[in-house]
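Heads up, run_12.cif below (mmCIF, C-alpha atoms):
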data_structure
#
loop_
_atom_site.label_atom_id
_atom_site.label_comp_id
_atom_site.auth_asym_id
_atom_site.auth_seq_id
_atom_site.Cartn_x
_atom_site.Cartn_y
_atom_site.Cartn_z
CA GLY A 4 0.00 0.00 0.00
CA ASP A 5 0.89 3.67 0.05
CA SER A 6 3.69 4.06 2.59
CA SER A 7 2.65 7.65 3.32
CA PHE A 8 -0.82 6.63 4.50
CA PRO A 9 -1.18 7.46 8.20
CA VAL A 10 -2.25 4.74 10.58
CA THR A 11 -3.16 4.98 14.25
CA THR A 12 -0.56 3.55 16.59
CA LYS A 13 -0.07 3.00 20.28
CA ALA A 14 1.98 5.62 22.09
CA LEU A 15 5.75 5.36 21.61
CA TYR A 16 6.45 7.77 24.48
CA TYR A 17 4.59 9.13 27.47
CA THR A 18 5.17 12.32 29.45
CA GLU A 19 7.26 11.39 32.46
CA THR A 20 7.80 14.81 34.01
CA VAL A 21 7.75 18.55 33.34
CA LEU A 22 10.56 20.51 35.00
CA THR A 23 10.34 24.23 35.75
CA ALA A 24 12.47 26.62 37.79
CA GLY A 25 9.74 26.37 40.44
CA ASN A 26 9.90 22.60 40.93
CA LEU A 27 13.71 22.61 40.61
CA GLY A 28 13.80 25.16 43.43
CA ILE A 29 15.85 27.74 41.53
CA GLU A 30 15.50 31.33 40.35
CA SER A 31 13.14 31.78 37.36
CA PHE A 32 14.47 31.32 33.85
CA GLY A 33 14.70 34.39 31.64
CA GLU A 34 14.31 32.33 28.48
CA LEU A 35 15.35 28.75 27.79
CA ASN A 36 17.21 28.69 24.48
CA ASP A 37 18.85 25.28 24.23
CA ILE A 38 19.44 21.96 25.95
CA SER A 39 22.31 19.48 25.80
CA VAL A 40 22.67 16.13 27.55
CA ASP A 41 26.11 14.72 28.39
CA GLU A 42 27.37 11.12 28.45
CA ASP A 43 26.21 10.66 32.07
CA GLY A 44 22.67 11.84 31.37
CA TYR A 45 23.16 15.24 32.99
CA LEU A 46 20.95 17.95 31.45
CA TYR A 47 22.42 21.38 30.71
CA LEU A 48 19.86 24.13 30.17
CA LEU A 49 20.88 27.39 28.52
CA ASP A 50 19.11 30.47 29.84
CA GLY A 51 20.64 32.93 27.39
CA LYS A 52 18.80 35.98 28.67
CA ASN A 53 20.36 35.57 32.12
CA SER A 54 23.78 34.38 30.90
CA ARG A 55 23.53 31.11 32.78
CA VAL A 56 23.66 27.34 32.31
CA VAL A 57 21.68 25.25 34.79
CA VAL A 58 22.86 21.68 35.37
CA ILE A 59 20.47 18.88 36.41
CA ASN A 60 21.33 15.21 36.90
CA SER A 61 19.48 12.32 35.26
CA ASN A 62 17.20 11.97 38.29
CA TYR A 63 16.13 15.60 37.74
CA ASN A 64 17.91 16.99 40.78
CA TYR A 65 19.39 20.47 40.53
CA ILE A 66 23.21 20.33 40.64
CA LYS A 67 24.62 23.78 39.90
CA THR A 68 24.48 26.98 37.87
CA ILE A 69 27.24 28.48 35.73
CA THR A 70 26.56 32.21 35.33
CA GLU A 71 29.75 33.81 34.12
CA LEU A 72 32.94 32.30 32.85
CA LEU A 73 36.31 33.06 34.34
CA ALA A 74 39.07 33.87 31.85
CA GLU A 75 42.70 33.18 32.67
CA SER A 76 43.24 36.93 33.09
CA GLY A 77 40.66 36.94 35.89
CA GLU A 78 38.12 38.71 33.65
CA LYS A 79 34.51 37.56 34.06
CA ILE A 80 32.89 36.72 30.73
CA ASN A 81 29.14 37.24 30.34
CA PHE A 82 27.25 35.38 27.60
CA SER A 83 23.89 37.13 27.74
CA GLY A 84 21.97 36.54 24.50
CA ALA A 85 23.60 33.15 23.85
CA ARG A 86 21.34 30.83 21.87
CA GLY A 87 23.17 27.52 21.54
CA LEU A 88 24.76 24.99 23.86
CA PHE A 89 26.62 21.72 23.35
CA VAL A 90 28.24 19.57 26.04
CA LYS A 91 30.82 16.83 25.50
CA ASN A 92 33.66 15.26 27.51
CA GLY A 93 33.41 17.73 30.38
CA LYS A 94 33.43 20.75 28.07
CA LEU A 95 30.63 23.23 27.48
CA TYR A 96 30.46 24.94 24.09
CA ILE A 97 28.33 28.07 24.20
CA ALA A 98 27.13 29.82 21.03
CA ASP A 99 27.47 33.37 22.34
CA THR A 100 25.31 34.80 19.57
CA GLU A 101 25.27 38.52 20.37
CA ASN A 102 29.03 38.59 21.01
CA ALA A 103 29.88 36.77 17.76
CA ARG A 104 31.92 33.98 19.35
CA VAL A 105 31.86 30.43 20.67
CA LEU A 106 32.99 30.07 24.28
CA ILE A 107 34.44 26.77 25.47
CA CYS A 108 34.62 26.23 29.23
CA ASP A 109 34.88 23.42 31.74
CA PHE A 110 32.34 22.26 34.30
CA SER A 111 33.60 24.77 36.88
CA GLY A 112 33.07 27.69 34.46
CA LYS A 113 36.73 28.23 33.65
CA LEU A 114 37.09 29.62 30.12
CA LEU A 115 39.29 27.29 28.06
CA LYS A 116 39.11 29.04 24.69
CA THR A 117 37.20 31.48 22.55
CA VAL A 118 36.47 30.72 18.90
CA LEU A 119 35.94 33.88 16.84
CA LEU A 120 35.11 34.38 13.19
CA PRO A 121 38.37 33.49 11.43
CA GLU A 122 40.24 35.64 8.94
CA SER A 123 39.73 33.78 5.70
CA ASN A 124 39.14 34.58 2.06
CA LEU A 125 36.48 31.85 2.11
CA ILE A 126 34.28 34.14 4.22
CA PRO A 127 32.39 36.92 2.41
CA GLU A 128 33.29 40.43 3.59
CA ASP A 129 29.76 41.24 4.72
CA PHE A 130 29.36 37.97 6.66
CA ASN A 131 27.44 38.57 9.90
CA TYR A 132 28.72 36.02 12.46
CA ARG A 133 25.93 35.04 14.86
CA PRO A 134 26.54 31.51 16.20
CA ILE A 135 23.28 29.79 17.16
CA LYS A 136 23.92 26.02 17.11
CA ILE A 137 26.97 23.88 17.74
CA ALA A 138 27.91 20.25 17.13
CA VAL A 139 31.19 18.54 17.96
CA ASP A 140 31.99 15.10 16.58
CA SER A 141 34.04 12.38 18.29
CA ARG A 142 37.26 13.67 16.68
CA ASP A 143 36.63 17.14 18.15
CA TYR A 144 35.81 18.84 14.87
CA LEU A 145 33.59 21.81 15.64
CA TYR A 146 30.57 22.73 13.50
CA VAL A 147 28.97 26.13 14.07
CA LEU A 148 25.72 27.38 12.56
CA SER A 149 25.49 31.13 12.15
CA ASP A 150 22.05 32.75 12.08
CA GLY A 151 21.06 33.94 8.63
CA SER A 152 23.94 32.17 6.90
CA TYR A 153 23.22 30.33 3.66
CA TYR A 154 26.72 28.92 3.38
CA GLY A 155 26.29 25.92 5.68
CA ALA A 156 28.11 25.44 8.98
CA LEU A 157 31.57 26.83 9.76
CA LEU A 158 33.90 23.91 10.30
CA TYR A 159 36.94 24.06 12.59
CA SER A 160 39.61 21.41 13.12
CA PRO A 161 40.49 20.19 16.66
CA GLU A 162 43.38 22.71 16.49
CA ASP A 163 40.86 25.52 15.82
CA LYS A 164 41.89 25.93 12.20
CA PHE A 165 38.99 27.11 10.02
CA LEU A 166 38.45 24.52 7.28
CA GLY A 167 35.67 26.26 5.37
CA PHE A 168 31.89 26.04 5.11
CA TYR A 169 30.27 22.65 5.36
CA GLY A 170 27.17 21.21 3.74
CA ALA A 171 25.20 24.20 2.45
CA ASN A 172 21.71 23.36 1.20
CA SER A 173 21.73 23.50 -2.55
CA VAL A 174 18.76 24.72 -4.53
CA ALA A 175 17.26 21.99 -6.70
CA THR A 176 17.80 22.69 -10.38
CA GLY A 177 16.21 20.73 -13.18
CA ILE A 178 16.05 21.31 -16.92
CA THR A 179 12.70 23.11 -16.59
CA GLN A 180 14.12 25.55 -14.02
CA PHE A 181 17.12 26.07 -16.29
CA ILE A 182 14.93 26.90 -19.30
CA ARG A 183 12.71 29.15 -17.17
CA ARG A 184 15.72 31.00 -15.81
CA LEU A 185 17.16 31.40 -19.31
CA TRP A 186 13.82 32.78 -20.51
CA GLU A 187 13.58 35.14 -17.50
CA ASN A 188 17.10 36.38 -18.18
CA LEU A 189 16.23 37.09 -21.81
CA THR A 190 12.90 38.79 -21.08
CA THR A 191 13.36 40.47 -17.69
CA THR A 192 14.58 44.02 -17.27
CA ASN A 193 17.28 44.76 -14.70
CA GLU A 194 14.73 46.55 -12.50
CA LYS A 195 12.48 43.52 -12.38
CA ARG A 196 15.44 41.26 -11.77
CA ALA A 197 16.57 43.37 -8.83
CA VAL A 198 13.26 42.94 -7.01
CA SER A 199 12.78 39.23 -7.79
CA SER A 200 13.86 37.12 -4.81
CA SER A 201 17.25 35.56 -5.35
CA ARG A 202 17.32 31.77 -5.38
CA LEU A 203 19.49 31.33 -2.33
CA PRO A 204 19.94 27.98 -0.63
CA TYR A 205 18.02 27.70 2.62
CA GLN A 206 19.63 27.97 5.99
CA PHE A 207 19.94 25.09 8.44
CA THR A 208 18.01 25.28 11.70
CA ASP A 209 19.99 22.64 13.60
CA LEU A 210 22.75 20.07 13.30
CA TYR A 211 23.67 16.89 15.18
CA ALA A 212 26.70 14.59 14.94
CA ASP A 213 25.96 10.86 15.03
CA LYS A 214 28.23 8.15 16.44
CA ASP A 215 29.96 7.70 13.05
CA ASN A 216 30.64 11.45 12.76
CA PHE A 217 28.08 12.01 10.04
CA ILE A 218 26.30 15.32 10.51
CA TYR A 219 22.51 15.43 10.43
CA THR A 220 21.01 18.79 9.53
CA SER A 221 17.50 20.17 9.62
CA THR A 222 16.09 22.92 7.44
CA GLY A 223 13.07 24.93 8.58
CA LYS A 224 10.36 26.53 6.54
CA VAL A 225 11.16 27.35 2.92
CA PRO A 226 8.96 29.60 0.79
CA SER A 227 6.70 26.96 -0.68
CA THR A 228 3.57 25.25 0.57
CA LEU A 229 4.72 21.70 1.19
CA GLN A 230 8.21 21.21 2.56
CA SER A 231 10.26 18.08 1.82
CA GLY A 232 13.75 16.71 2.42
CA GLN A 233 14.14 18.90 5.51
CA ILE A 234 16.48 16.42 7.20
CA LYS A 235 19.77 15.32 5.68
CA ARG A 236 22.64 13.11 6.78
CA LEU A 237 25.82 14.55 5.32
CA SER A 238 28.96 12.67 4.36
CA PRO A 239 32.37 14.23 5.16
CA GLY A 240 32.18 15.85 1.72
CA GLY A 241 28.82 17.43 2.57
CA LYS A 242 26.69 15.16 0.35
CA ASN A 243 23.29 13.93 1.58
CA ILE A 244 23.42 10.14 2.12
CA LEU A 245 19.94 9.82 3.65
CA SER A 246 17.22 8.94 1.15
CA SER A 247 15.22 11.89 2.34
CA ASP A 248 14.93 14.26 -0.62
CA SER A 249 11.29 13.46 -1.37
CA VAL A 250 10.26 12.74 2.23
CA VAL A 251 7.92 15.27 3.84
CA PHE A 252 9.09 15.42 7.47
CA GLY A 253 6.33 16.34 9.90
CA ASP A 254 2.61 16.46 9.18
CA LEU A 255 1.66 15.54 5.63
CA GLU A 256 -1.52 17.60 5.68
CA ILE A 257 -1.23 21.36 5.90
CA GLY A 258 -3.42 22.48 8.78
CA THR A 259 -5.02 25.84 9.47
CA VAL A 260 -5.15 27.35 12.95
CA ASN A 261 -6.82 30.76 13.50
CA ASN A 262 -7.03 31.19 9.70
CA GLU A 263 -3.27 30.80 9.43
CA MET A 264 -1.83 28.05 7.24
CA LEU A 265 0.63 25.88 9.14
CA THR A 266 3.35 24.58 6.86
CA GLN A 267 5.96 22.22 8.29
CA ASN A 268 8.83 23.90 10.13
CA ILE A 269 11.40 21.36 11.32
CA ALA A 270 13.55 23.45 13.66
CA GLY A 271 15.64 20.90 15.55
CA LEU A 272 16.70 17.27 15.80
CA ALA A 273 18.64 14.61 17.69
CA VAL A 274 19.87 11.18 16.58
CA ASP A 275 20.55 8.06 18.67
CA SER A 276 23.24 5.40 18.25
CA ARG A 277 20.92 3.26 16.10
CA ASN A 278 20.23 6.18 13.77
CA PHE A 279 16.66 6.82 14.82
CA ILE A 280 15.89 10.48 14.21
CA TYR A 281 13.93 12.59 16.70
CA CYS A 282 12.88 15.97 15.33
CA TYR A 283 10.41 18.67 16.22
CA ASP A 284 8.16 20.98 14.26
CA ILE A 285 7.56 24.44 15.72
CA SER A 286 4.44 25.03 13.59
CA TYR A 287 2.65 22.12 15.24
CA GLY A 288 4.57 21.73 18.50
CA ARG A 289 5.08 18.05 17.75
CA ILE A 290 7.94 15.58 18.09
CA TYR A 291 8.39 12.94 15.37
CA VAL A 292 10.42 9.74 15.43
CA TYR A 293 11.83 8.33 12.16
CA ASN A 294 13.88 5.28 11.39
CA ASN A 295 16.97 5.20 9.19
CA ASP A 296 14.80 4.84 6.05
CA CYS A 297 12.85 7.98 6.95
CA TYR A 298 9.66 6.12 7.87
CA MET A 299 7.77 7.87 10.63
CA LEU A 300 7.29 5.56 13.62
CA GLY A 301 5.17 7.97 15.61
CA ALA A 302 4.35 11.54 16.59
CA PHE A 303 3.47 13.09 19.93
CA GLY A 304 3.39 16.42 21.72
CA GLY A 305 1.32 19.06 19.98
CA GLY A 306 -0.16 22.35 21.07
CA ALA A 307 0.20 24.36 17.86
CA GLY A 308 1.13 27.47 19.79
CA ASN A 309 -0.92 26.95 22.96
CA GLY A 310 0.58 24.05 24.85
CA TYR A 311 -1.38 24.42 28.08
CA GLN A 312 -1.42 20.71 28.81
CA LYS A 313 1.36 18.55 30.15
CA GLY A 314 3.20 17.05 27.18
CA THR A 315 2.26 19.83 24.75
CA PHE A 316 4.17 22.95 23.74
CA SER A 317 3.88 26.60 22.90
CA GLN A 318 7.36 27.12 21.42
CA ILE A 319 9.81 24.22 21.31
CA ALA A 320 13.37 25.53 21.47
CA GLY A 321 15.58 22.42 21.77
CA ILE A 322 15.73 18.64 22.03
CA ASP A 323 18.22 16.05 23.24
CA LEU A 324 18.26 12.40 24.27
CA ILE A 325 18.82 10.80 27.66
CA ASP A 326 19.97 7.15 27.75
CA ASP A 327 20.25 7.02 23.95
CA GLY A 328 16.61 7.85 23.28
CA GLU A 329 14.99 5.92 26.12
CA ARG A 330 14.05 9.41 27.28
CA ILE A 331 13.69 12.58 25.24
CA ALA A 332 14.13 16.01 26.83
CA VAL A 333 12.41 18.94 25.11
CA ILE A 334 12.47 22.60 26.15
CA ASP A 335 9.75 25.18 25.65
CA SER A 336 10.95 28.78 25.54
CA THR A 337 7.52 30.33 26.22
CA TYR A 338 6.89 28.33 29.38
CA SER A 339 10.58 27.97 30.34
CA SER A 340 10.00 24.28 30.96
CA VAL A 341 11.67 20.96 30.20
CA THR A 342 9.36 18.10 29.29
CA VAL A 343 10.86 14.61 29.57
CA PHE A 344 9.20 11.81 27.60
CA ARG A 345 9.93 8.18 28.40
CA GLN A 346 9.68 5.30 25.96
CA THR A 347 6.73 2.91 26.35
CA ASP A 348 7.18 -0.87 26.08
CA PHE A 349 5.50 -0.65 22.69
CA GLY A 350 7.91 2.11 21.58
CA ALA A 351 10.93 0.04 22.67
CA ALA A 352 9.62 -3.04 20.83
CA LEU A 353 8.81 -1.10 17.67
CA LYS A 354 12.28 0.48 17.56
CA GLU A 355 13.93 -2.89 18.25
CA ALA A 356 11.94 -4.53 15.41
CA CYS A 357 12.85 -1.71 12.99
CA PHE A 358 16.50 -1.88 13.98
CA LEU A 359 16.66 -5.66 13.41
CA MET A 360 14.90 -5.30 10.08
CA ASP A 361 17.30 -2.53 8.96
CA ASN A 362 20.14 -4.93 9.74
CA GLY A 363 18.65 -7.78 7.76
CA GLU A 364 17.61 -9.87 10.78
CA TYR A 365 14.11 -10.44 9.46
CA GLU A 366 13.20 -13.56 11.46
CA GLU A 367 13.90 -11.88 14.80
CA SER A 368 12.20 -8.71 13.61
CA ILE A 369 8.96 -10.50 12.62
CA GLU A 370 8.81 -12.22 16.01
CA ILE A 371 8.80 -8.85 17.80
#

Show me this structure written as C-alpha cells.
Amino acid sequence: GDSSFPVTTKALYYTETVLTAGNLGIESFGELNDISVDEDGYLYLLDGKNSRVVVINSNYNYIKTITELLAESGEKINFSGARGLFVKNGKLYIADTENARVLICDFSGKLLKTVLLPESNLIPEDFNYRPIKIAVDSRDYLYVLSDGSYYGALLYSPEDKFLGFYGANSVATGITQFIRRLWENLTTTNEKRAVSSSRLPYQFTDLYADKDNFIYTSTGKVPSTLQSGQIKRLSPGGKNILSSDSVVFGDLEIGTVNNEMLTQNIAGLAVDSRNFIYCYDISYGRIYVYNNDCYMLGAFGGGAGNGYQKGTFSQIAGIDLIDDGERIAVIDSTYSSVTVFRQTDFGAALKEACFLMDNGEYEESIEI
C-alpha cells in the first residue's frame, strides 16, 4: 500500500515529568534557548537571557548553575543573548550569539578558549557572524551554525583551524528551471530582476553529529507550501546520504489554525546510536520519530502554539536524548519548561523490530 498513508498507533512515548524553575527550586528562567545532555545523562539548560547554564542530573535533581565564565586573566565573561549549547567530555560549548563567538569552558566555568570568526578569504566580507547552534563530533571537529547564513556550517579542526563552510543546502535545479531562468534572463529588465527574490539555498536550523561522525542537519520553513527533504545526513564531503529528498518530514496535511496556514517547520533534531531520528516541528509543537529509512514511527506532543497541557508545547526551542533515546528532553521557551518523555514498552519493541529489520535480521524482527 501507500507508505505515506497514516495509521493509528499505540503511544511510543509518554510524558514522564515537566521541570520548571519552580519545581527545581531555583530562580526563574529568563528564556530557555537550548538543551544538551552529556554522556552521564546530565541535562544542561541554557538560559541565554540571564547568561547562565543550569545543570540537572538524570534523576532531575538540581546540581549547579554556571553564570559567568572566568578567563585566565581573571576577567569575568558574560554570555547574555547566547542561543546555543553543546556539552561533550566535560566541556561546554556556548554559542554566544550577540558577542559573535563560541565560548568553550569546563564544568567549573573556567574559560578554556574562545572561537571567533576566522580571517579567511572563504568568508564573504559582509558575513554577519551570529553563532546559534553547535555540534562537535568524536574527533573534536567543531561545526557552528550562524544565524542567517546560507553557506552551511563553519567547520573548525580540533586545532581551531577554520576549514571552510560545510554542507550548504543547494537549490534543486532541473532542466525546466534552467529553461525558465534562461527565458527570464532574456525577457526580464534589470529593474524587475533586482526585485525578484534571489534563489538562495536555505539555511539550516539545527545540526547533530551521530556516532559515526556524520552530521545530520534540519532545514526549517522554505517559501513553498509543502516542505520536503528537511532532514539530511551529510557525508564528510557534505553530500546527503539519507534517502530523504522526497520525504515530507512532519505532518503531511497542511493544517489551518486561527485562519493561518501551518506549513511544516522542522527546527531541531537529535539522533541516537541506532540512527533513529527525533525531530520537532515548531508550527505544530510536535515531536516525530523516524527510522533510518525515513519512515515515521510515531508523533506526539502538539499544542500548535498553545501548549497548556502537560506534554504539549507553545514554542519548542531544543531537544536532546537521555539514555540514547529511552528518554527525550524537550524545552519550551515560552513556558521555560523541560518536558521529559519516556519510551513505552510498545515504543521500545517497535524500535527494536525496525532496527533488526534494517540490519537484515528479518526472522527476529517478525517475532517482535

Next item on the list: Find the spatial neighbours of Tyr47 in chain A, counting all atoms listed in the file, within a cut-off of 6 Å - ignore same-chain residues fewer than 4 positions away - and output them as a list of chain:residue names.
Entry: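 Counting only the stated atoms, we get A:Ile38, A:Ser39, A:Val57, A:Val58.
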
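Nearest to Gly240 in chain A of all the residues A:Thr222, A:Asn216, A:Gln267, A:Thr315 is A:Asn216, counting all atoms listed in the file.
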
Checklist line | Neighbours of point (37.4, 21.4, 27.4) within 12 Å, using all atoms listed in the file, written as a ChimeraX atom specification | finding: /A:89-97,106-117,139,143,161

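The shortest atom-to-atom distance to Asp213 in chain A, with all atoms listed in the file taken into account, belongs to A:Val274 out of A:Val250, A:Leu353, A:Val274, A:Ala24.
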
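Between CA of Arg330 in chain A and CA of Ala98 in chain A there is a distance of 25.0 Å.
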
Next item on the list: List the residues selected by the PyMOL selection byres ((chain A and resi 85) around 8) in the file shown, writing them as a ChimeraX atom specification.
Entry: /A:36,49-52,54,82-84,86-87,97-101,135

Checklist line | One-decimal distance in Å that lies between CA of Leu300 in chain A and CA of Lys354 in chain A | finding: 8.1 Å

Check: Given the file above and the PyMOL selection byres ((chain A and resi 236) around 8), which residues are selected, and can you give them as a ChimeraX atom specification?
Finding: /A:217-220,234-235,237-238,242-245

Using the atoms already present, construct N, CA, C and O atoms for range 87-113 of chain A and hand them back as a compact mmCIF listing (two decimals), keeping the file's coordinate frame.
# COMPACT_ATOMS: atom_id res chain seq x y z
N GLY A 87 22.87 28.93 21.77
CA GLY A 87 23.17 27.52 21.54
C GLY A 87 24.11 26.95 22.57
O GLY A 87 24.98 27.65 23.10
N LEU A 88 23.93 25.65 22.86
CA LEU A 88 24.76 24.99 23.86
C LEU A 88 25.04 23.56 23.43
O LEU A 88 24.16 22.88 22.91
N PHE A 89 26.28 23.12 23.64
CA PHE A 89 26.62 21.72 23.35
C PHE A 89 27.60 21.26 24.42
O PHE A 89 28.53 21.99 24.77
N VAL A 90 27.38 20.07 24.96
CA VAL A 90 28.24 19.57 26.04
C VAL A 90 28.84 18.23 25.64
O VAL A 90 28.12 17.34 25.15
N LYS A 91 30.16 18.09 25.85
CA LYS A 91 30.82 16.83 25.50
C LYS A 91 32.14 16.72 26.26
O LYS A 91 32.89 17.69 26.35
N ASN A 92 32.39 15.53 26.81
CA ASN A 92 33.66 15.26 27.51
C ASN A 92 34.05 16.34 28.52
O ASN A 92 35.19 16.81 28.53
N GLY A 93 33.10 16.75 29.33
CA GLY A 93 33.41 17.73 30.38
C GLY A 93 33.60 19.15 29.90
O GLY A 93 34.02 20.02 30.65
N LYS A 94 33.30 19.39 28.60
CA LYS A 94 33.43 20.75 28.07
C LYS A 94 32.07 21.28 27.65
O LYS A 94 31.26 20.54 27.07
N LEU A 95 31.84 22.55 27.93
CA LEU A 95 30.63 23.23 27.48
C LEU A 95 31.00 24.17 26.34
O LEU A 95 31.94 24.95 26.46
N TYR A 96 30.27 24.06 25.24
CA TYR A 96 30.46 24.94 24.09
C TYR A 96 29.23 25.84 24.03
O TYR A 96 28.11 25.35 23.88
N ILE A 97 29.44 27.13 24.17
CA ILE A 97 28.33 28.07 24.20
C ILE A 97 28.35 28.94 22.95
O ILE A 97 29.36 29.59 22.66
N ALA A 98 27.24 28.93 22.20
CA ALA A 98 27.13 29.82 21.03
C ALA A 98 26.71 31.19 21.56
O ALA A 98 25.53 31.43 21.81
N ASP A 99 27.70 32.05 21.76
CA ASP A 99 27.47 33.37 22.34
C ASP A 99 27.08 34.31 21.20
O ASP A 99 27.90 35.09 20.70
N THR A 100 25.83 34.21 20.81
CA THR A 100 25.31 34.80 19.57
C THR A 100 25.59 36.30 19.45
O THR A 100 26.17 36.76 18.46
N GLU A 101 25.16 37.06 20.44
CA GLU A 101 25.27 38.52 20.37
C GLU A 101 26.72 38.99 20.37
O GLU A 101 27.02 40.08 19.89
N ASN A 102 27.62 38.19 20.95
CA ASN A 102 29.03 38.59 21.01
C ASN A 102 29.88 37.94 19.92
O ASN A 102 31.11 37.99 19.98
N ALA A 103 29.21 37.31 18.95
CA ALA A 103 29.88 36.77 17.76
C ALA A 103 31.06 35.87 18.10
O ALA A 103 32.16 36.02 17.57
N ARG A 104 30.83 34.88 18.98
CA ARG A 104 31.92 33.98 19.35
C ARG A 104 31.34 32.68 19.92
O ARG A 104 30.18 32.61 20.30
N VAL A 105 32.20 31.67 19.97
CA VAL A 105 31.86 30.43 20.67
C VAL A 105 32.79 30.35 21.87
O VAL A 105 34.01 30.49 21.74
N LEU A 106 32.20 30.17 23.05
CA LEU A 106 32.99 30.07 24.28
C LEU A 106 33.08 28.61 24.69
O LEU A 106 32.06 27.90 24.68
N ILE A 107 34.27 28.15 25.02
CA ILE A 107 34.44 26.77 25.47
C ILE A 107 34.95 26.82 26.91
O ILE A 107 35.96 27.46 27.20
N CYS A 108 34.21 26.19 27.82
CA CYS A 108 34.62 26.23 29.23
C CYS A 108 34.51 24.84 29.84
O CYS A 108 33.97 23.91 29.23
N ASP A 109 35.03 24.70 31.05
CA ASP A 109 34.88 23.42 31.74
C ASP A 109 33.70 23.50 32.71
O ASP A 109 33.01 24.52 32.80
N PHE A 110 33.50 22.41 33.43
CA PHE A 110 32.34 22.26 34.30
C PHE A 110 32.35 23.28 35.44
O PHE A 110 31.32 23.64 35.98
N SER A 111 33.53 23.80 35.79
CA SER A 111 33.60 24.77 36.88
C SER A 111 33.40 26.20 36.36
O SER A 111 33.37 27.15 37.14
N GLY A 112 33.28 26.35 35.02
CA GLY A 112 33.07 27.69 34.46
C GLY A 112 34.35 28.38 34.07
O GLY A 112 34.35 29.57 33.77
N LYS A 113 35.45 27.64 34.06
CA LYS A 113 36.73 28.23 33.65
C LYS A 113 36.77 28.28 32.11
O LYS A 113 36.57 27.25 31.45
